[in-house]
file target.pdb (PDB, C-alpha atoms)
ATOM      1  CA  MET F   1      18.346  15.796 -17.475
ATOM      2  CA  SER F   2      20.183  15.529 -14.181
ATOM      3  CA  ALA F   3      19.793  12.713 -11.686
ATOM      4  CA  LEU F   4      17.543  13.242  -8.693
ATOM      5  CA  LEU F   5      19.480  13.780  -5.488
ATOM      6  CA  LEU F   6      18.561  12.054  -2.241
ATOM      7  CA  ARG F   7      17.165  15.319  -0.922
ATOM      8  CA  GLY F   8      14.616  15.070  -3.746
ATOM      9  CA  LEU F   9      13.027  12.209  -1.795
ATOM     10  CA  ASP F  10      12.807  14.135   1.475
ATOM     11  CA  VAL F  11       8.989  14.380   1.445
ATOM     12  CA  PRO F  12       8.219  10.627   1.403
ATOM     13  CA  LEU F  13      11.159   9.852   3.681
ATOM     14  CA  ARG F  14       9.953  12.427   6.203
ATOM     15  CA  ALA F  15       6.459  10.903   6.019
ATOM     16  CA  LEU F  16       7.967   7.470   6.682
ATOM     17  CA  ARG F  17       9.828   8.802   9.704
ATOM     18  CA  LEU F  18       6.626  10.337  11.087
ATOM     19  CA  LEU F  19       4.685   7.105  10.534
ATOM     20  CA  ALA F  20       7.396   5.116  12.338
ATOM     21  CA  VAL F  21       7.228   7.471  15.330
ATOM     22  CA  ASP F  22       3.447   7.844  15.463
ATOM     23  CA  TYR F  23       2.405   4.256  14.664
ATOM     24  CA  PRO F  24       5.093   1.863  15.934
ATOM     25  CA  HIS F  25       2.363  -0.517  17.149
ATOM     26  CA  LEU F  26       1.072  -1.213  13.624
ATOM     27  CA  PRO F  27       2.245  -4.138  11.455
ATOM     28  CA  ALA F  28       5.440  -3.479   9.504
ATOM     29  CA  PRO F  29       4.877  -2.958   5.778
ATOM     30  CA  ALA F  30       7.086  -3.420   2.759
ATOM     31  CA  VAL F  31       8.243   0.142   2.035
ATOM     32  CA  ALA F  32       8.964   1.655  -1.366
ATOM     33  CA  VAL F  33      10.247   5.089  -2.313
ATOM     34  CA  SER F  34      11.100   5.721  -5.945
ATOM     35  CA  THR F  35      12.760   8.379  -8.059
ATOM     36  CA  VAL F  36      10.007   7.720 -10.607
ATOM     37  CA  TYR F  37       7.397   9.076  -8.145
ATOM     38  CA  PRO F  38       9.526  11.230  -5.818
ATOM     39  CA  ASP F  39       6.574  12.481  -3.772
ATOM     40  CA  ARG F  40       5.067   9.025  -3.087
ATOM     41  CA  LEU F  41       5.567   6.620  -0.194
ATOM     42  CA  GLU F  42       4.208   3.125  -0.773
ATOM     43  CA  LEU F  43       3.371   0.784   2.089
ATOM     44  CA  SER F  44       2.364  -2.698   0.967
ATOM     45  CA  PHE F  45       1.143  -5.715   2.894
ATOM     46  CA  HIS F  46       1.512  -9.197   1.419
ATOM     47  CA  ASP F  47       0.209 -11.487   4.174
ATOM     48  CA  GLY F  48      -3.524 -10.903   3.961
ATOM     49  CA  LEU F  49      -5.656  -7.816   4.396
ATOM     50  CA  GLY F  50      -5.581  -7.482   8.189
ATOM     51  CA  ALA F  51      -2.479  -5.278   8.258
ATOM     52  CA  PHE F  52      -3.832  -3.113   5.423
ATOM     53  CA  GLU F  53      -7.091  -2.629   7.330
ATOM     54  CA  ALA F  54      -5.257  -1.821  10.577
ATOM     55  CA  TRP F  55      -3.347   0.979   8.833
ATOM     56  CA  ARG F  56      -6.445   2.209   6.979
ATOM     57  CA  GLU F  57      -8.430   2.427  10.215
ATOM     58  CA  GLU F  58      -5.604   4.046  12.196
ATOM     59  CA  LEU F  59      -5.123   6.691   9.493
ATOM     60  CA  MET F  60      -8.910   7.184   9.382
ATOM     61  CA  ILE F  61      -9.139   6.514   5.645
ATOM     62  CA  ASP F  62     -12.738   6.142   4.532
ATOM     63  CA  PRO F  63     -13.432   2.602   3.243
ATOM     64  CA  GLY F  64     -15.135   4.238   0.267
ATOM     65  CA  ARG F  65     -11.709   5.484  -0.886
ATOM     66  CA  VAL F  66     -10.391   1.923  -1.201
ATOM     67  CA  SER F  67     -10.328   0.336  -4.644
ATOM     68  CA  ARG F  68     -10.662  -3.414  -4.938
ATOM     69  CA  GLY F  69      -9.406  -5.739  -7.631
ATOM     70  CA  VAL F  70      -7.886  -9.092  -8.391
ATOM     71  CA  HIS F  71      -4.554 -10.104  -9.900
ATOM     72  CA  ALA F  72      -2.912 -13.362 -10.899
ATOM     73  CA  GLY F  73      -5.860 -14.722 -12.819
ATOM     74  CA  GLY F  74      -8.273 -14.184  -9.949
ATOM     75  CA  ARG F  75      -6.056 -15.764  -7.293
ATOM     76  CA  THR F  76      -4.979 -12.573  -5.484
ATOM     77  CA  GLN F  77      -7.286  -9.926  -4.046
ATOM     78  CA  VAL F  78      -5.872  -6.391  -3.991
ATOM     79  CA  LEU F  79      -6.989  -3.402  -1.914
ATOM     80  CA  GLN F  80      -5.470  -0.003  -2.643
ATOM     81  CA  THR F  81      -5.892   3.573  -1.515
ATOM     82  CA  GLU F  82      -3.905   6.758  -1.858
ATOM     83  CA  VAL F  83      -4.087   9.730   0.514
ATOM     84  CA  GLU F  84      -2.012  12.754   1.403
ATOM     85  CA  TYR F  85       0.081  12.330   4.538
ATOM     86  CA  ALA F  86       2.636  14.868   5.770
ATOM     87  CA  GLY F  87       2.940  16.310   2.266
ATOM     88  CA  ALA F  88       3.551  12.941   0.613
ATOM     89  CA  ARG F  89       1.212  10.828  -1.478
ATOM     90  CA  LEU F  90       0.799   7.756   0.721
ATOM     91  CA  LEU F  91      -0.151   4.631  -1.207
ATOM     92  CA  LEU F  92      -1.402   1.670   0.843
ATOM     93  CA  VAL F  93      -1.696  -1.670  -0.944
ATOM     94  CA  GLY F  94      -2.868  -4.962   0.539
ATOM     95  CA  TYR F  95      -2.655  -8.389  -1.100
ATOM     96  CA  ALA F  96      -4.440 -11.574  -0.074
ATOM     97  CA  LYS F  97      -4.864 -14.971  -1.648
ATOM     98  CA  VAL F  98      -8.388 -15.666  -2.831
ATOM     99  CA  ALA F  99      -9.677 -18.838  -1.201
ATOM    100  CA  VAL F 100     -10.705 -21.416  -3.784
ATOM    101  CA  SER F 101     -12.769 -24.372  -2.630
ATOM    102  CA  ALA F 102     -11.676 -27.888  -3.581
ATOM    103  CA  GLY F 103     -14.420 -28.112  -6.212
ATOM    104  CA  GLU F 104     -13.574 -24.788  -7.886
ATOM    105  CA  ARG F 105     -10.779 -24.001 -10.282
ATOM    106  CA  SER F 106      -9.353 -20.612 -11.083
ATOM    107  CA  ARG F 107      -9.845 -19.001 -14.474
ATOM    108  CA  ALA F 108      -6.168 -19.610 -15.193
ATOM    109  CA  GLU F 109      -6.580 -23.349 -14.538
ATOM    110  CA  VAL F 110      -9.713 -23.541 -16.685
ATOM    111  CA  ALA F 111      -8.000 -21.718 -19.559
ATOM    112  CA  SER F 112      -5.063 -24.154 -19.622
TER
END
call {"tool": "encode", "arguments": {"input": "target.pdb", "output": "structure tokens"}}
result
Amino acid sequence: MSALLLRGLDVPLRALRLLAVDYPHLPAPAVAVSTVYPDRLELSFHDGLGAFEAWREELMIDPGRVSRGVHAGGRTQVLQTEVEYAGARLLLVGYAKVAVSAGERSRAEVAS
């Protein structure tokens, strides 16, 4: 098996370039391109769900295509969707802390 060359990532990198040109007014994401998934461009947002929603709306992604979940023992809400964009699989992921009231404890705290 031979190593993937940089040109093997041209599809997600081209999609990233197009996004940067077409949507410079949107919040900057964390960007990931990987040789494991050479056709995928991942944009992730770690400071709440507002930036995720801004991108989802701008790209006209139906809210019904967004999966919802929780991580970190119920302390982090996660939104995720994957669509085709400029030939690449575009994965959007948003993370937000789950607000816990002073009287509530997370499942992780209860289990300890």
call {"tool": "atom_distance", "arguments": {"input": "target.pdb", "atom1": "atom CA of Arg75 of chain F", "atom2": "atom CA of Lys97 of chain F"}}
result
5.8 Å
call {"tool": "residues_around", "arguments": {"input": "target.pdb", "residues": "segment 54-58 of chain F", "least_positions_apart": "3", "cutoff": "8 Å", "atoms": "only C-alpha atoms", "output": "PDB file with C-alpha atoms, keeping the file's coordinate frame"}}
result
ATOM      1  CA  LEU F  26       1.072  -1.213  13.624  1.00  0.00           C
ATOM      2  CA  PRO F  27       2.245  -4.138  11.455  1.00  0.00           C
ATOM      3  CA  GLY F  50      -5.581  -7.482   8.189  1.00  0.00           C
ATOM      4  CA  ALA F  51      -2.479  -5.278   8.258  1.00  0.00           C
ATOM      5  CA  ILE F  61      -9.139   6.514   5.645  1.00  0.00           C
ATOM      6  CA  ASP F  62     -12.738   6.142   4.532  1.00  0.00           C
ATOM      7  CA  PRO F  63     -13.432   2.602   3.243  1.00  0.00           C
ATOM      8  CA  LEU F  92      -1.402   1.670   0.843  1.00  0.00           C
TER       9      LEU F  92
END
call {"tool": "atom_distance", "arguments": {"input": "target.pdb", "atom1": "atom CA of Ala86 of chain F", "atom2": "atom CA of Leu13 of chain F"}}
result
10.1 Å
call {"tool": "closest_residue", "arguments": {"input": "target.pdb", "among": "F:Val93, F:Val36, F:Ala30, F:Val83", "to": "Phe52 of chain F", "atoms": "all atoms listed in the file"}}
result
F:Val93
call {"tool": "resolve_selection", "arguments": {"input": "target.pdb", "expression": "the PyMOL selection byres ((chain F and resi 12) around 7)", "output": "list in words"}}
result
Leu9, Asp10, Val11, Leu13, Arg14, Ala15, Leu16, Val33, Asp39, Arg40, Leu41 and Ala88 of chain F
call {"tool": "closest_residue", "arguments": {"input": "target.pdb", "among": "F:Ser34, F:Thr81, F:Arg17, F:Val100", "to": "Gly69 of chain F", "atoms": "only C-alpha atoms"}}
result
F:Thr81
call {"tool": "atom_distance", "arguments": {"input": "target.pdb", "atom1": "atom CA of Glu42 of chain F", "atom2": "atom CA of Gln80 of chain F"}}
result
10.3 Å
call {"tool": "closest_residue", "arguments": {"input": "target.pdb", "among": "F:Leu59, F:Ala96, F:Thr76, F:Pro29", "to": "Asp47 of chain F", "atoms": "only C-alpha atoms"}}
result
F:Ala96
call {"tool": "axis_aligned_box", "arguments": {"input": "target.pdb", "around": "segment 79-96 of chain F", "padding_each_side": "3 Å", "output": "AutoDock Vina command-line options"}}
result
--center_x -1.7 --center_y 2.4 --center_z 1.6 --size_x 16.5 --size_y 33.9 --size_z 14.4
call {"tool": "closest_residue", "arguments": {"input": "target.pdb", "among": "F:His25, F:Pro38, F:Glu53, F:Val66", "to": "Gly8 of chain F", "atoms": "all atoms listed in the file"}}
result
F:Pro38
call {"tool": "closest_residue", "arguments": {"input": "target.pdb", "among": "F:Ala99, F:Tyr85, F:Ala3, F:Arg65", "to": "Leu18 of chain F", "atoms": "all atoms listed in the file"}}
result
F:Tyr85
